[in-house]
>>> print(open('work_17.txt').read())   # compact mmCIF, C-alpha atoms
# COMPACT_ATOMS: atom_id res chain seq x y z
CA MET A 1 163.97 -89.10 68.22
CA GLU A 2 166.16 -86.66 70.13
CA LEU A 3 169.90 -87.06 70.62
CA ARG A 4 169.37 -86.45 74.33
CA VAL A 5 167.09 -89.49 74.56
CA LEU A 6 169.60 -91.64 72.66
CA GLN A 7 172.15 -90.69 75.30
CA TYR A 8 169.69 -91.70 78.01
CA PHE A 9 169.17 -95.02 76.25
CA LEU A 10 172.93 -95.72 76.06
CA THR A 11 173.34 -94.86 79.74
CA VAL A 12 170.65 -97.40 80.66
CA THR A 13 172.35 -100.07 78.53
CA ARG A 14 175.63 -99.35 80.28
CA GLU A 15 174.22 -99.31 83.83
CA GLN A 16 171.74 -102.16 83.14
CA SER A 17 169.45 -100.44 85.59
CA ILE A 18 166.91 -97.60 85.39
CA LEU A 19 167.83 -96.47 88.89
CA GLY A 20 171.56 -96.54 88.21
CA ALA A 21 171.13 -94.68 84.93
CA ALA A 22 168.86 -92.08 86.53
CA GLN A 23 171.48 -91.40 89.20
CA ALA A 24 174.25 -91.12 86.59
CA LEU A 25 172.14 -88.73 84.51
CA HIS A 26 170.90 -86.74 87.54
CA LEU A 27 167.28 -87.45 86.59
CA SER A 28 164.39 -88.81 88.59
CA GLN A 29 163.62 -92.47 87.92
CA PRO A 30 160.01 -91.74 86.80
CA THR A 31 161.25 -89.12 84.31
CA LEU A 32 163.77 -91.52 82.78
CA SER A 33 161.25 -94.37 82.66
CA ARG A 34 158.78 -92.13 80.85
CA GLN A 35 161.39 -91.09 78.26
CA LEU A 36 162.22 -94.73 77.56
CA ARG A 37 158.56 -95.72 77.23
CA GLU A 38 158.00 -92.87 74.78
CA MET A 39 160.99 -94.04 72.75
CA GLU A 40 159.59 -97.58 72.56
CA GLU A 41 156.18 -96.20 71.54
CA GLU A 42 157.77 -94.03 68.84
CA LEU A 43 159.66 -97.00 67.40
CA GLY A 44 156.83 -99.44 67.88
CA LYS A 45 159.23 -101.99 69.37
CA GLN A 46 160.14 -103.26 72.81
CA LEU A 47 163.77 -102.34 73.49
CA PHE A 48 164.23 -103.68 77.02
CA ILE A 49 163.46 -106.83 78.97
CA ARG A 50 162.86 -105.57 82.49
CA SER A 51 163.43 -107.71 85.59
CA ASN A 52 164.03 -107.10 89.28
CA ARG A 53 167.78 -107.73 88.92
CA LYS A 54 168.77 -105.92 85.71
CA ILE A 55 167.64 -104.68 82.35
CA THR A 56 168.67 -106.53 79.20
CA LEU A 57 168.20 -105.57 75.56
CA THR A 58 165.91 -107.18 73.03
CA GLU A 59 167.23 -107.83 69.52
CA GLU A 60 165.80 -104.46 68.44
CA GLY A 61 167.43 -102.84 71.47
CA MET A 62 170.85 -104.23 70.53
CA LEU A 63 170.46 -102.83 67.01
CA LEU A 64 169.49 -99.42 68.39
CA ARG A 65 172.48 -99.44 70.75
CA LYS A 66 174.85 -99.97 67.82
CA ARG A 67 173.24 -97.24 65.75
CA ALA A 68 173.03 -94.84 68.70
CA GLU A 69 176.75 -95.23 69.37
CA GLU A 70 177.50 -94.47 65.71
CA ILE A 71 175.17 -91.46 65.63
CA LEU A 72 176.52 -89.87 68.81
CA SER A 73 180.12 -90.52 67.73
CA LEU A 74 179.42 -88.73 64.44
CA VAL A 75 177.75 -85.84 66.28
CA ASP A 76 180.79 -85.43 68.55
CA ARG A 77 183.15 -85.45 65.56
CA THR A 78 181.03 -82.85 63.79
CA LYS A 79 181.01 -80.56 66.83
CA ASP A 80 184.79 -80.80 67.14
CA GLU A 81 185.30 -80.03 63.45
CA ILE A 82 183.00 -76.99 63.49
CA ALA A 83 184.58 -75.65 66.68
CA LEU A 84 188.07 -75.54 65.18
CA SER A 85 189.44 -72.10 64.37
CA ASP A 86 189.62 -71.12 60.70
CA GLU A 87 193.24 -70.16 61.30
CA VAL A 88 194.32 -73.53 62.66
CA VAL A 89 194.84 -76.83 60.85
CA ALA A 90 193.97 -79.35 63.52
CA GLY A 91 191.64 -82.22 64.26
CA ASP A 92 191.23 -85.96 63.87
CA ILE A 93 191.54 -88.05 60.72
CA HIS A 94 190.03 -91.55 60.79
CA ILE A 95 191.38 -94.19 58.42
CA GLY A 96 190.08 -97.73 57.98
CA ALA A 97 192.50 -100.34 56.68
CA GLY A 98 193.33 -104.00 56.67
CA GLU A 99 196.73 -105.47 57.37
CA SER A 100 199.21 -104.50 54.68
CA GLU A 101 202.79 -103.38 54.22
CA GLY A 102 201.30 -100.57 52.16
CA ILE A 103 200.17 -98.84 55.36
CA ARG A 104 203.73 -97.48 55.44
CA PHE A 105 202.71 -95.10 52.67
CA LEU A 106 199.98 -93.62 54.86
CA ALA A 107 202.26 -93.52 57.89
CA ARG A 108 204.88 -91.54 55.96
CA ALA A 109 202.27 -89.12 54.67
CA ALA A 110 200.83 -88.74 58.20
CA LYS A 111 204.28 -88.07 59.67
CA ALA A 112 205.04 -85.48 56.98
CA LEU A 113 201.73 -83.72 57.65
CA GLN A 114 202.23 -83.70 61.42
CA GLU A 115 205.63 -82.07 60.99
CA GLU A 116 203.79 -79.12 59.44
CA TYR A 117 200.63 -79.34 61.53
CA PRO A 118 201.29 -81.03 64.89
CA LEU A 119 197.66 -80.63 66.03
CA VAL A 120 196.45 -83.13 63.45
CA HIS A 121 195.87 -86.59 64.97
CA PHE A 122 195.39 -89.88 63.13
CA HIS A 123 193.26 -92.84 64.13
CA ASN A 124 193.72 -96.15 62.28
CA ILE A 125 190.84 -98.60 62.56
CA SER A 126 191.67 -102.14 61.47
CA GLY A 127 189.08 -103.99 59.45
CA ASP A 128 188.42 -105.97 56.30
CA ARG A 129 186.83 -104.59 53.14
CA THR A 130 183.26 -105.02 54.37
CA THR A 131 183.91 -103.20 57.65
CA VAL A 132 185.85 -100.37 56.00
CA THR A 133 183.25 -99.67 53.31
CA GLU A 134 180.37 -99.81 55.81
CA ASP A 135 182.10 -97.27 58.07
CA LEU A 136 182.98 -95.06 55.09
CA ASP A 137 179.35 -95.07 54.00
CA LYS A 138 178.20 -94.13 57.50
CA GLY A 139 180.65 -91.23 57.69
CA LEU A 140 182.62 -92.79 60.53
CA LEU A 141 185.81 -92.86 58.44
CA ASP A 142 187.44 -90.15 56.35
CA PHE A 143 189.53 -92.54 54.26
CA GLY A 144 189.78 -96.26 53.63
CA ILE A 145 192.39 -98.57 52.16
CA LEU A 146 191.01 -101.11 49.69
CA PHE A 147 192.56 -103.73 47.43
CA GLY A 148 191.35 -104.83 44.04
CA GLU A 149 188.44 -103.26 42.17
CA ILE A 150 186.94 -99.98 43.43
CA ASP A 151 183.26 -99.04 43.07
CA ALA A 152 183.68 -95.82 41.07
CA ALA A 153 180.01 -94.96 41.52
CA LYS A 154 180.46 -94.61 45.28
CA TYR A 155 184.09 -93.69 45.88
CA GLU A 156 186.91 -91.48 44.68
CA CYS A 157 190.29 -93.14 44.86
CA LEU A 158 194.02 -92.59 44.70
CA LYS A 159 196.27 -95.40 43.55
CA VAL A 160 199.02 -96.02 46.08
CA PRO A 161 202.55 -96.89 44.84
CA TYR A 162 202.40 -100.24 46.60
CA THR A 163 201.19 -103.64 45.47
CA GLU A 164 200.54 -106.77 47.47
CA ARG A 165 201.53 -110.34 46.71
CA TYR A 166 199.17 -113.15 47.59
CA GLY A 167 200.48 -116.44 48.90
CA VAL A 168 200.46 -119.18 51.51
CA LEU A 169 201.58 -119.00 55.13
CA MET A 170 202.64 -122.44 56.37
CA ARG A 171 204.79 -124.20 58.91
CA ARG A 172 208.47 -124.22 58.03
CA ASP A 173 208.62 -127.99 58.58
CA ASP A 174 205.85 -128.64 56.02
CA PRO A 175 206.91 -130.45 52.80
CA LEU A 176 205.48 -127.60 50.71
CA ALA A 177 207.97 -125.25 52.36
CA GLN A 178 210.66 -126.80 50.16
CA LYS A 179 209.05 -125.16 47.11
CA LYS A 180 209.80 -121.57 46.10
CA THR A 181 206.20 -121.04 44.98
CA VAL A 182 202.98 -122.95 45.57
CA ALA A 183 200.53 -123.87 42.82
CA PRO A 184 196.79 -124.06 43.54
CA GLU A 185 196.85 -127.79 42.81
CA ASP A 186 199.48 -128.23 45.57
CA LEU A 187 196.77 -127.25 48.05
CA ALA A 188 194.14 -129.65 46.75
CA GLY A 189 192.54 -131.47 49.67
CA LYS A 190 194.55 -129.51 52.22
CA PRO A 191 192.89 -127.51 55.04
CA LEU A 192 192.82 -123.82 54.18
CA ILE A 193 192.52 -120.81 56.48
CA VAL A 194 191.32 -117.74 54.60
CA SER A 195 190.29 -114.16 55.20
CA ARG A 196 186.56 -113.94 55.89
CA GLN A 197 186.22 -111.58 52.93
CA ARG A 198 188.13 -113.95 50.61
CA SER A 199 186.18 -114.06 47.33
CA GLU A 200 184.28 -110.83 48.16
CA ASP A 201 187.42 -108.98 47.07
CA GLY A 202 188.11 -111.25 44.14
CA ILE A 203 191.32 -112.25 45.92
CA LEU A 204 190.67 -115.98 46.38
CA PRO A 205 191.68 -117.57 43.07
CA HIS A 206 188.73 -119.03 41.18
CA ASP A 207 190.57 -122.31 40.65
CA MET A 208 190.75 -122.71 44.45
CA GLU A 209 187.06 -122.17 45.11
CA GLY A 210 185.35 -125.20 46.60
CA GLN A 211 188.45 -126.38 48.42
CA GLN A 212 188.45 -127.39 52.08
CA ILE A 213 188.20 -124.23 54.21
CA VAL A 214 188.56 -125.12 57.89
CA ALA A 215 188.70 -121.61 59.36
CA THR A 216 188.55 -117.90 58.54
CA TYR A 217 190.31 -114.93 60.07
CA ASN A 218 189.79 -111.19 60.27
CA LEU A 219 193.42 -110.43 61.18
CA LEU A 220 196.18 -112.57 59.73
CA PHE A 221 198.00 -112.60 63.06
CA ASN A 222 195.21 -114.80 64.39
CA GLY A 223 195.40 -116.90 61.23
CA SER A 224 199.14 -117.35 61.75
CA ILE A 225 198.55 -118.84 65.20
CA MET A 226 196.13 -121.35 63.67
CA VAL A 227 198.84 -122.26 61.15
CA GLU A 228 201.46 -122.57 63.88
CA GLU A 229 199.17 -124.94 65.80
CA GLY A 230 198.81 -127.14 62.74
CA MET A 231 195.23 -126.30 61.70
CA GLY A 232 196.12 -125.69 58.06
CA TYR A 233 197.53 -123.28 55.47
CA ALA A 234 196.62 -119.58 55.62
CA LEU A 235 196.09 -117.60 52.42
CA GLY A 236 197.03 -113.95 52.75
CA PHE A 237 199.40 -111.13 51.90
CA ASP A 238 203.16 -111.20 52.30
CA HIS A 239 205.10 -109.12 54.87
CA ILE A 240 202.32 -109.07 57.46
CA ILE A 241 203.70 -111.91 59.58
CA ASN A 242 207.40 -111.92 60.41
CA VAL A 243 208.75 -115.22 59.08
CA SER A 244 212.44 -114.42 59.46
CA GLY A 245 214.92 -115.77 62.00
CA ASP A 246 213.60 -118.44 64.32
CA SER A 247 209.97 -118.17 63.18
CA PRO A 248 208.36 -121.61 62.78
CA LEU A 249 206.46 -120.23 59.78
CA CYS A 250 207.31 -119.35 56.18
CA PHE A 251 205.54 -117.62 53.29
CA ARG A 252 205.45 -118.89 49.72
CA PRO A 253 203.90 -116.93 46.82
CA LEU A 254 200.93 -118.47 45.07
CA GLU A 255 201.65 -119.20 41.42
CA GLY A 256 199.76 -117.39 38.70
CA GLN A 257 198.51 -114.56 40.90
CA PRO A 258 199.06 -110.97 39.72
CA GLU A 259 200.17 -108.33 42.18
CA ILE A 260 197.14 -106.63 43.75
CA GLU A 261 196.83 -102.85 43.57
CA MET A 262 196.10 -100.76 46.64
CA HIS A 263 193.97 -97.58 46.73
CA VAL A 264 193.14 -94.87 49.22
CA VAL A 265 189.39 -94.24 48.85
CA TRP A 266 186.88 -91.72 50.13
CA LYS A 267 183.20 -91.08 49.51
CA LYS A 268 182.15 -89.20 46.41
CA TYR A 269 181.29 -85.57 47.17
CA GLN A 270 183.06 -85.87 50.52
CA VAL A 271 183.42 -82.53 52.31
CA PHE A 272 186.71 -82.70 54.17
CA THR A 273 187.81 -80.77 57.19
CA LYS A 274 190.86 -78.58 56.63
CA ALA A 275 193.04 -81.31 58.16
CA GLY A 276 191.46 -83.97 55.95
CA GLN A 277 192.02 -81.92 52.79
CA LYS A 278 195.65 -81.26 53.75
CA PHE A 279 196.18 -84.99 54.26
CA LEU A 280 194.67 -85.80 50.87
CA ASP A 281 196.93 -83.19 49.27
CA LYS A 282 199.91 -84.80 50.99
CA LEU A 283 198.90 -88.26 49.78
CA ARG A 284 198.61 -87.00 46.21
CA GLU A 285 201.97 -85.28 46.45
CA MET A 286 203.67 -88.42 47.73
CA ALA A 287 201.91 -90.69 45.22
CA GLU A 288 203.46 -88.70 42.40
>>> encode(input="work_17.txt", output="structure tokens")
Amino acid sequence: MELRVLQYFLTVTREQSILGAAQALHLSQPTLSRQLREMEEELGKQLFIRSNRKITLTEEGMLLRKRAEEILSLVDRTKDEIALSDEVVAGDIHIGAGESEGIRFLARAAKALQEEYPLVHFHNISGDRTTVTEDLDKGLLDFGILFGEIDAAKYECLKVPYTERYGVLMRRDDPLAQKKTVAPEDLAGKPLIVSRQRSEDGILPHDMEGQQIVATYNLLFNGSIMVEEGMGYALGFDHIINVSGDSPLCFRPLEGQPEIEMHVVWKKYQVFTKAGQKFLDKLREMAE
């Protein structure tokens, strides 16, 4: 399958029309139709549902669109990296991370690096552990931020001088807000709002498993709105949601939970660009 044909395919999905895509690509409609038919024959799957009004994707077509976007993005990044001069430290660094106060460590390292090399640009992609590790494995990220245990068979890591504290985000007018800390038994029978990765990271305490989970979140900001509207109690990290001043919310640490370590990770045998290696050197320097 040629990269050129993948680009044709993505153009058709965007235009939702063979004619519109052919015009955008400066191709004849029969030529484009033939390329798409050959792609379907090569894959042995129907990718499009054709109608007089527009073209829609089959389930296999939607999967191919996702993969094609990832492939072409990686190709573009590779071209940019190879094209950079050997004398210049420049380029893009992609970092995947969840919400955490510990991101300040990366921000300080990034700022320090840009003071030396202003042509280095950083791109932070928010996501939970599953999203970050998937994108690392695909080569779409240079670095990731993970909490808890690290798979040493797949990743190298650098321990960051930050830890996170797990606790409960609740309404300030809730009776539990009178306590300085919350015990797991205090939440028995109460509606919980948890990160969708919860026990995948080993973060959800085992003695709270099986409790009433009414909702999940990917970003705690969304979880905080659910809490504010009275849906329940959100489990998450401290310092992500501002609970000072007139905030209707408060955070209380969860009893018996150790502080959770944070690591910068990257794929084993990763070959970094010059900018990526300089950033890793800066992280190591600052971690010491």
>>> atom_distance(input="work_17.txt", atom1="CA of Asp137 in chain A", atom2="CA of Ile103 in chain A")
21.2 Å
>>> residues_around(input="work_17.txt", residues="range 124-130 of chain A", least_positions_apart="4", cutoff="6 Å", atoms="only C-alpha atoms", output="JSON, numbers by chain")
{"A": [95, 96, 97, 98]}
>>> residues_around(input="work_17.txt", residues="Arg77 in chain A", least_positions_apart="4", cutoff="9 Å", atoms="only C-alpha atoms", output="PyMOL selection string")
chain A and resi 72-73+81-82+92+140
>>> write_last_selection(input="work_17.txt", atoms="C-alpha atoms", output="PDB file, keeping the file's coordinate frame")
ATOM      1  CA  LEU A  72     176.520 -89.870  68.810  1.00  0.00           C
ATOM      2  CA  SER A  73     180.120 -90.520  67.730  1.00  0.00           C
ATOM      3  CA  GLU A  81     185.300 -80.030  63.450  1.00  0.00           C
ATOM      4  CA  ILE A  82     183.000 -76.990  63.490  1.00  0.00           C
ATOM      5  CA  ASP A  92     191.230 -85.960  63.870  1.00  0.00           C
ATOM      6  CA  LEU A 140     182.620 -92.790  60.530  1.00  0.00           C
TER       7      LEU A 140
END
>>> closest_residue(input="work_17.txt", among="A:Gly144, A:Pro191, A:Pro161, A:Pro253", to="Glu285 in chain A", atoms="all atoms listed in the file")
A:Pro161
>>> atom_distance(input="work_17.txt", atom1="CA of Val227 in chain A", atom2="CA of Met170 in chain A")
6.1 Å
>>> closest_residue(input="work_17.txt", among="A:Ser100, A:Thr163, A:Gln23, A:Thr133", to="Leu219 in chain A", atoms="all atoms listed in the file")
A:Ser100
>>> axis_aligned_box(input="work_17.txt", around="range 64-70 of chain A", padding_each_side="8 Å", output="AutoDock Vina command-line options")
--center_x 173.5 --center_y -97.2 --center_z 68.2 --size_x 24.0 --size_y 21.5 --size_z 21.0
>>> closest_residue(input="work_17.txt", among="A:Phe221, A:Gln16, A:Ser195, A:Ala107", to="Arg53 in chain A", atoms="only C-alpha atoms")
A:Gln16
>>> closest_residue(input="work_17.txt", among="A:Leu10, A:Ala112, A:Leu254, A:Met62", to="Glu164 in chain A", atoms="all atoms listed in the file")
A:Leu254
>>> residues_around(input="work_17.txt", residues="range 264-271 of chain A", least_positions_apart="6", cutoff="6 Å", atoms="all atoms listed in the file", output="list of chain:residue names")
A:Phe143, A:Gly144, A:Ile145, A:Lys154, A:Tyr155, A:Glu156, A:Cys157, A:Leu158
>>> residues_around(input="work_17.txt", residues="Tyr166 in chain A", least_positions_apart="5", cutoff="8 Å", atoms="only C-alpha atoms", output="ChimeraX atom specification")
/A:235-238,253-254,257,259-260
>>> atom_distance(input="work_17.txt", atom1="CA of Val88 in chain A", atom2="CA of Pro118 in chain A")
10.5 Å
>>> residues_around(input="work_17.txt", residues="range 239-241 of chain A", least_positions_apart="5", cutoff="10 Å", atoms="all atoms listed in the file", output="CSV table (one decimal) with C-alpha atoms, keeping the file's coordinate frame")
chain,number,residue,atom,x,y,z
A,99,GLU,CA,196.7,-105.5,57.4
A,100,SER,CA,199.2,-104.5,54.7
A,101,GLU,CA,202.8,-103.4,54.2
A,102,GLY,CA,201.3,-100.6,52.2
A,164,GLU,CA,200.5,-106.8,47.5
A,165,ARG,CA,201.5,-110.3,46.7
A,169,LEU,CA,201.6,-119.0,55.1
A,219,LEU,CA,193.4,-110.4,61.2
A,220,LEU,CA,196.2,-112.6,59.7
A,221,PHE,CA,198.0,-112.6,63.1
A,223,GLY,CA,195.4,-116.9,61.2
A,224,SER,CA,199.1,-117.4,61.8
A,247,SER,CA,210.0,-118.2,63.2
A,249,LEU,CA,206.5,-120.2,59.8
A,250,CYS,CA,207.3,-119.4,56.2
A,251,PHE,CA,205.5,-117.6,53.3
>>> closest_residue(input="work_17.txt", among="A:Met286, A:Leu280, A:Met226, A:Ile49", to="Leu192 in chain A", atoms="all atoms listed in the file")
A:Met226
>>> closest_residue(input="work_17.txt", among="A:Lys190, A:Thr273, A:Asp173, A:Ile93", to="Glu228 in chain A", atoms="all atoms listed in the file")
A:Asp173
